[in-house]
Amino acid sequence: MATKLSIDDAIKINKQRDEKLFPHYNPFTGVGSKIKRKAITYDGQQIYLPESAFSEPIIDRLSRLKSVKSLAQRYEIKEDSALKAIFEARFKHDFEFWAVSCVKIQDKVTKQMIPFRLRPAQGKLLATMEGMRLAGKPIRVILLKARQWGGSTLVQIYMAWMQIFHRKNWHSAIVADVENQARNIRSMFTKLAKEYPSEVGTLTLRPFEGSSNIREIIERGNILGIGSAQNPNSLRSYDYAMLHMSEVGLWKETPMKSADDLVQALRGTVGYFPDTMIVMESTAKGVGNLFHKEWQKAVKKESRYHPEFVAWWEIEIYREPIKDYRKFLDGWTDYHWFLWDIGATLEGINWYFNFMKGENYDHWRMMEEYPSSAEEAFQTTGRRYFPEIYVREARRTVREPDYIGDLQADAMQGKDSLKNIHFVPNPRGNLRIWMHPDDYVTSHPVAHRAACFVDIGGTTDKSDYSVIKVVDRWPMLEGGTAECAAEWRGHIDPALLAWKSAQIATYFYDALLAVEVNALYSRGNNSDGIHYLTIFNEIGNHYKNLFLRNNQAKIKDKPAQYGYHMTEASKGVILSSLKKAWRQGSGGYIEHSEVTVNEAAYFEIKENGTLGAIAGEHDDSLIATAGAKWLATDYMPAPFYIERSKIKRKRAQMADF
C-alpha cells in the first residue's frame with residue numbers, strides 16, 4: 001500500500017505537483033487559467049484569451065493589426081471606443097477577466113468588498129462548466145462541497161454572467177432547505193449589482209409582479225427566483241433555464257413529498273438544451289441518502305451530471321513549509337503514503353498532520369471536516385468499520401464478471417438438483433462469475449480448493465438479499481492469495497436457497513459449504529424455521545462437504561450441527577479477518593464484486609457497539625464475503641494437488657452458449 005521513494009525523487013515530484021495544483025495565475029493576462037486559451041499580442045503585451053473570443057470580429061482584427069491605435073485608424077473610430085469594444089468582447093467570453101474587473105465579493109476574514117479573483121479550486125469548477133457550455137451541451141453538475149472553497153459563490157456568479165452577457169429572459173432559481181438560505185445565496189447577485197462598475201453598465205433589481213421572493217433584472221428581463229425544499233410551490237409558475245439546488249443532503253422528507261420526488265420535479269422545470277444549467281450541491285451528509293446516490297450515479301456515468309469535488313489538498317491555504325524533508329519523511333504511516341499516492345504535496349501533508357495535532361482532532365474528525373477524497377467526505381453518522389483507505393484498496397481489483405447467469409440441473413431441489421449441473425448464461429441472472437471452473441483448470445486437481453458461505457435473506461424485493469459467495473484458494477498454491485470466484489445474490493425461498501447453495505458448491509470444486517443459520521433460529525416459534533433446518537440436514541445426506549459447528553470426531557453421540565451460527569462475537573471474527581486482509585492490500589484477499597466493496601463503505605459500528613449497514617443499505621454480500629474469506633484463509637486446511645485417479649466426482653460441464 002505504501003509507496004517508497006528517495007528524497008530527491010520526492011522533492012522533484014513534489015515541485016511538479018505544486019506547479020500543477022497552484023500555478024502562477026493572472027486573470028488579467030489569462031496566465032494560469034484552466035480554460036483553453038490562445039495567445040494574442042498587441043501594443044507590446046501578450047495576453048491569453050479564451051479560444052471562443054476570436055469569433056468576435058473586434059478580437060480577430062486586433063490579433064491581425066496588433067495595435068489598438070492601428071485598429072482605430074483602420075476602422076475610423078476613436079481609440080477609447082475601440083478599447084471599450086475590445087473589453088466588451090472579452091467580458092462576454094472571458095469570465096475570469098470579467099469577474100476580477102467587475103465583480104466584488106465580501107472577504108470572509110476582513111469583511112471588505114474585494115475583486116472576485118478565482119482560487120485554483122474555483123478554476124477547476126469553472127473549466128467544467130465552460131467546457132459543457134462551449135461544447136453546446138446543457139450544463140449539469142453535482143457539486144460535493146468540502147469546507148468553504150467558494151463553490152457556491154462561483155456557481156451563482158457564473159449564472160449572473162450568463163444572464164448579463166449571453167441570454168435575455170433566461171430565468172434562474174435558487175432552492176435551499178429553507179428560504180433564508182436561498183435568499184442569502186441570491187444576495188451575492190444583489191451585492192454584485194450594487195458594486196457593478198457604471199462604466200460597464202447598470203444592473204437594476206426590482207420585485208417581480210409584487211412578489212417578495214422574485215426579483216427581475218430590468219435591463220435583461222431575467223427573473224431571479226428563490227424557494228425552499230419545504231415550500232417549493234412558488235417556483236412552479238415560471239419557465240426556469242438555470243437552477244441552483246443548495247445543500248440537497250439536508251433536504252428533509254415532508255408528509256406530501258420525498259426529497260427524491262422534489263428534486264425530480266424541480267429538474268423537470270429546466271429543459272435539456274444548450275445554455276440551460278442545473279447545479280446540485282451539498283456537503284456530504286453520510287451515505288445512502290439522496291445526494292449520495294445521485295453522486296454515485298454521476299461517478300458511474302449513469303446520469304447526465306458531472307461529479308465535481310475539491311479535496312483539502314487542492315486548496316492553496318492548506319500548506320505549511322518543511323525545513324527538513326528527510327526528517328519529515330521518516331516514520332510516515334500508511335495514511336501519509338495514501339495522501340501522497342492520491343496527489344497531495346509534501347507541504348499539504350505537513351499542514352494536515354500539524355493541524356490535526358494542533359486542534360486535537362482525531363483522524364475521524366479530520367476526514368469529516370477536511371476530506372482527502374469524495375469517499376472520505378461521505379462518512380457515516382457512526383464510525384466506519386472499514387477505513388476508507390481499506391475500501392479504496394479493495395476497490396482496485398473490482399471488475400465486471402466474466403459470466404452472468406445461473407446454474408441449472410435436473411431439478412430445483414432434492415437429490416436430483418445436484419445432477420447434471422450446468423451454467424446457463426443470462427444477463428439478468430443472479431450468479432456472477434469471475435473465476436469460472438472451465439477457465440481455471442489445473443494440470444492436477446486440488447484438494448480443499450474452494451470455500452462457499454451463505455447469508456440467508458428474505459423472499460420479497462424489500463427484504464434482505466440472500467447471498468452465496470465462493471472464494472477460490474487455488475492461487476494460494478503458488479504463493480498467491482484467496483480470490484473472489486463467484487457471487488449469487490437474489491431473493492429466494494430459503495428451502496430452495498439450501499439446494500441452490502449446494503449446487504454452487506458442487507460446481508465450484510466441491511467447496512466447503514457454510515450456511516449462516518441464526519436467521520433460521522430467529523424465526524422463533526414459526527415452524528418454517530424448523531423445516532428449513534431439516535432441509536439443511538437433508539442436504540447433508542447428498543452433499544458431504546458441509547461446515548459443522550460441532551466436532552463429530554469428539555462428540556459422536558450428538559447429531560451433526562450444520563452451518564455457521566452468527567452471533568455478534570462470531571460476526572466480529574469473520575469481519576476482522578476481512579478487515580485485516582484489506583489492510584494488507586491485495587496481498588490479503590482479492591475481491592472483484594463492486595456490490596461487496598460498496599457495502600463495506602456503508603458498514604459501521606453502531607452507537608451500541610453492534611456492527612451493521614447504515615439505514616437504507618444492505619450488508620448481505622459483505623457478510624457472505626467475510627464468511628467465505630474466513631473459511632478460505634483462517635479455517636480450512638491448506639490446499640494441495642492430488643492425483644486425478646483419486647477424484648470420484650464427475651466434473652460438471654458448462655452449457656453451450
# chains A, B, ... in the order shown; residues from 1 in each chain; ligands from 1
>>> select_by_dssp(residues="stretch 358-595 of chain A", states="strand (DSSP E)", output="ChimeraX atom specification")
/A:383-384,403-408,422-425,431-433,446-447,450-455,466-472,483-490,512-515
>>> residues_around(residues="A:Ala450", least_positions_apart="6", cutoff="8 Å", atoms="only C-alpha atoms", output="list in words")
Val470, Val471, Asp472, Arg473, Trp474, Phe508, Tyr509, Asp510, Ala511, Leu512 and Ala632 of chain A
>>> write_last_selection(atoms="C-alpha atoms", output="CSV table (one decimal), in the first residue's frame")
chain,number,residue,atom,x,y,z
A,470,VAL,CA,-17.4,-18.5,-3.5
A,471,VAL,CA,-13.7,-18.0,-2.8
A,472,ASP,CA,-11.1,-19.8,-4.9
A,473,ARG,CA,-8.0,-20.9,-3.0
A,474,TRP,CA,-6.0,-22.2,-6.0
A,508,PHE,CA,-17.0,-25.0,-7.7
A,509,TYR,CA,-14.8,-27.9,-6.9
A,510,ASP,CA,-17.0,-29.4,-4.1
A,511,ALA,CA,-16.3,-26.3,-2.0
A,512,LEU,CA,-16.6,-26.3,1.8
A,632,ALA,CA,-10.6,-19.9,3.0
>>> residues_around(residues="A:Asn289", least_positions_apart="6", cutoff="10 Å", atoms="only C-alpha atoms", output="PDB file with N, CA and C atoms, in the first residue's frame")
ATOM      1  N   VAL A 248     -28.504  19.928  -0.816  1.00  0.00           N
ATOM      2  CA  VAL A 248     -29.527  18.910  -1.066  1.00  0.00           C
ATOM      3  C   VAL A 248     -29.455  17.791  -0.024  1.00  0.00           C
ATOM      4  N   GLY A 249     -28.262  17.539   0.501  1.00  0.00           N
ATOM      5  CA  GLY A 249     -28.119  16.494   1.518  1.00  0.00           C
ATOM      6  C   GLY A 249     -28.897  16.777   2.785  1.00  0.00           C
ATOM      7  N   LEU A 250     -29.320  18.039   2.986  1.00  0.00           N
ATOM      8  CA  LEU A 250     -30.076  18.421   4.187  1.00  0.00           C
ATOM      9  C   LEU A 250     -31.583  18.415   3.961  1.00  0.00           C
ATOM     10  N   ALA A 259     -37.722  13.844  -0.654  1.00  0.00           N
ATOM     11  CA  ALA A 259     -36.663  14.668  -1.233  1.00  0.00           C
ATOM     12  C   ALA A 259     -36.389  14.254  -2.671  1.00  0.00           C
ATOM     13  N   ASP A 260     -36.444  12.961  -2.934  1.00  0.00           N
ATOM     14  CA  ASP A 260     -36.199  12.453  -4.289  1.00  0.00           C
ATOM     15  C   ASP A 260     -37.254  12.982  -5.257  1.00  0.00           C
ATOM     16  N   ALA A 615     -28.650   2.868   7.803  1.00  0.00           N
ATOM     17  CA  ALA A 615     -30.064   2.776   7.442  1.00  0.00           C
ATOM     18  C   ALA A 615     -30.238   2.928   5.941  1.00  0.00           C
ATOM     19  N   GLY A 616     -31.025   2.032   5.356  1.00  0.00           N
ATOM     20  CA  GLY A 616     -31.322   2.094   3.939  1.00  0.00           C
ATOM     21  C   GLY A 616     -30.381   1.312   3.051  1.00  0.00           C
ATOM     22  N   GLU A 617     -29.330   0.716   3.624  1.00  0.00           N
ATOM     23  CA  GLU A 617     -28.366  -0.050   2.840  1.00  0.00           C
ATOM     24  C   GLU A 617     -28.320  -1.499   3.322  1.00  0.00           C
TER      25      GLU A 617
END
>>> residues_around(residues="A:Gly429", least_positions_apart="6", cutoff="8 Å", atoms="only C-alpha atoms", output="mmCIF file with C-alpha atoms, in the first residue's frame")
data_model
loop_
_atom_site.group_PDB
_atom_site.id
_atom_site.type_symbol
_atom_site.label_atom_id
_atom_site.label_comp_id
_atom_site.auth_asym_id
_atom_site.auth_seq_id
_atom_site.Cartn_x
_atom_site.Cartn_y
_atom_site.Cartn_z
ATOM 1 C CA ILE A 404 -23.630 -13.701 -15.702
ATOM 2 C CA GLY A 405 -26.418 -16.253 -15.489
ATOM 3 C CA ASP A 406 -27.323 -19.130 -13.202
#
>>> residues_around(residues="stretch 575-590 of chain A", least_positions_apart="4", cutoff="7 Å", atoms="only C-alpha atoms", output="PDB file with N, CA and C atoms, in the first residue's frame")
ATOM      1  N   MET A   1       0.836  -1.209   0.000  1.00  0.00           N
ATOM      2  CA  MET A   1       0.000   0.000   0.000  1.00  0.00           C
ATOM      3  C   MET A   1       0.868   1.256   0.000  1.00  0.00           C
ATOM      4  N   PHE A 386     -14.702  -0.287   8.182  1.00  0.00           N
ATOM      5  CA  PHE A 386     -13.585  -0.394   7.255  1.00  0.00           C
ATOM      6  C   PHE A 386     -13.111   1.014   6.903  1.00  0.00           C
ATOM      7  N   TYR A 390      -8.872   1.363   3.301  1.00  0.00           N
ATOM      8  CA  TYR A 390      -9.004  -0.076   3.052  1.00  0.00           C
ATOM      9  C   TYR A 390      -9.990  -0.326   1.912  1.00  0.00           C
ATOM     10  N   GLU A 393      -8.458   0.478  -1.346  1.00  0.00           N
ATOM     11  CA  GLU A 393      -7.529  -0.561  -1.760  1.00  0.00           C
ATOM     12  C   GLU A 393      -8.286  -1.764  -2.321  1.00  0.00           C
ATOM     13  N   ALA A 394      -9.382  -2.138  -1.643  1.00  0.00           N
ATOM     14  CA  ALA A 394     -10.182  -3.273  -2.118  1.00  0.00           C
ATOM     15  C   ALA A 394     -10.803  -2.973  -3.476  1.00  0.00           C
ATOM     16  N   THR A 397      -9.310  -3.908  -7.270  1.00  0.00           N
ATOM     17  CA  THR A 397      -9.447  -5.167  -8.001  1.00  0.00           C
ATOM     18  C   THR A 397     -10.885  -5.451  -8.431  1.00  0.00           C
ATOM     19  N   THR A 481      -2.957 -15.397  -3.121  1.00  0.00           N
ATOM     20  CA  THR A 481      -3.946 -15.236  -2.057  1.00  0.00           C
ATOM     21  C   THR A 481      -5.313 -15.682  -2.539  1.00  0.00           C
ATOM     22  N   ALA A 482      -6.187 -15.942  -1.589  1.00  0.00           N
ATOM     23  CA  ALA A 482      -7.549 -16.339  -1.939  1.00  0.00           C
ATOM     24  C   ALA A 482      -8.220 -15.229  -2.744  1.00  0.00           C
ATOM     25  N   GLU A 483      -9.139 -15.620  -3.639  1.00  0.00           N
ATOM     26  CA  GLU A 483      -9.702 -14.662  -4.587  1.00  0.00           C
ATOM     27  C   GLU A 483     -11.182 -14.929  -4.816  1.00  0.00           C
ATOM     28  N   CYS A 484     -11.949 -13.850  -4.933  1.00  0.00           N
ATOM     29  CA  CYS A 484     -13.379 -13.958  -5.224  1.00  0.00           C
ATOM     30  C   CYS A 484     -13.590 -14.690  -6.543  1.00  0.00           C
ATOM     31  N   LYS A 571     -19.656 -12.881  14.280  1.00  0.00           N
ATOM     32  CA  LYS A 571     -19.646 -11.928  13.167  1.00  0.00           C
ATOM     33  C   LYS A 571     -18.370 -11.104  13.208  1.00  0.00           C
ATOM     34  N   ALA A 626     -17.152 -12.025   3.967  1.00  0.00           N
ATOM     35  CA  ALA A 626     -16.323 -12.186   5.166  1.00  0.00           C
ATOM     36  C   ALA A 626     -16.305 -13.640   5.620  1.00  0.00           C
ATOM     37  N   LYS A 629     -14.246 -15.713   3.070  1.00  0.00           N
ATOM     38  CA  LYS A 629     -12.820 -15.409   3.218  1.00  0.00           C
ATOM     39  C   LYS A 629     -12.267 -16.051   4.474  1.00  0.00           C
ATOM     40  N   TRP A 630     -12.994 -15.995   5.569  1.00  0.00           N
ATOM     41  CA  TRP A 630     -12.541 -16.605   6.829  1.00  0.00           C
ATOM     42  C   TRP A 630     -12.373 -18.111   6.672  1.00  0.00           C
TER      43      TRP A 630
END
>>> select_by_dssp(residues="stretch 33-260 of chain A", states="helix (DSSP H, G or I)", output="ChimeraX atom specification")
/A:51-55,57-65,68-75,79-93,95-102,120-134,151-166,179-195,232-235,248-250,259-260
>>> atom_distance(atom1="atom CA of A:Phe603", atom2="atom CA of A:Ser466")
17.5 Å
>>> residues_around(residues="A:His618", least_positions_apart="4", cutoff="9 Å", atoms="only C-alpha atoms", output="count of residues only")
9
>>> atom_distance(atom1="atom CA of A:Asn537", atom2="atom CA of A:Ser463")
25.2 Å
>>> residues_around(residues="A:Gln156", least_positions_apart="3", cutoff="9 Å", atoms="only C-alpha atoms", output="number ranges by chain")
A: 151-153, 159-161, 174, 185-186, 188-189, 244
>>> atom_distance(atom1="atom CA of A:Gly150", atom2="atom CA of A:Lys92")
22.2 Å
>>> closest_residue(among="A:Phe97, A:Pro274, A:Trp251, A:Arg64", to="A:His166", atoms="only C-alpha atoms")
A:Pro274
>>> closest_atom_pairs(of="stretch 75-119 of chain A", to="stretch 34-54 of chain A", cutoff="7 Å", atoms="only C-alpha atoms", output="Markdown table")
| residue | atom | partner | partner_atom | distance |
| --- | --- | --- | --- | --- |
| A:Arg90 | CA | A:Ala53 | CA | 6.5 |
| A:His93 | CA | A:Ala53 | CA | 5.5 |
| A:Asp94 | CA | A:Pro50 | CA | 6.2 |
>>> write_last_selection(atoms="C-alpha atoms", output="mmCIF file, in the first residue's frame")
data_model
loop_
_atom_site.group_PDB
_atom_site.id
_atom_site.type_symbol
_atom_site.label_atom_id
_atom_site.label_comp_id
_atom_site.auth_asym_id
_atom_site.auth_seq_id
_atom_site.Cartn_x
_atom_site.Cartn_y
_atom_site.Cartn_z
ATOM 1 C CA ARG A 90 -13.582 39.956 -23.741
ATOM 2 C CA HIS A 93 -16.023 35.296 -23.425
ATOM 3 C CA ASP A 94 -13.601 35.599 -20.514
#
>>> closest_residue(among="A:Ala624, A:Ala265, A:Val141, A:Ala601", to="A:Ile574", atoms="only C-alpha atoms")
A:Ala624
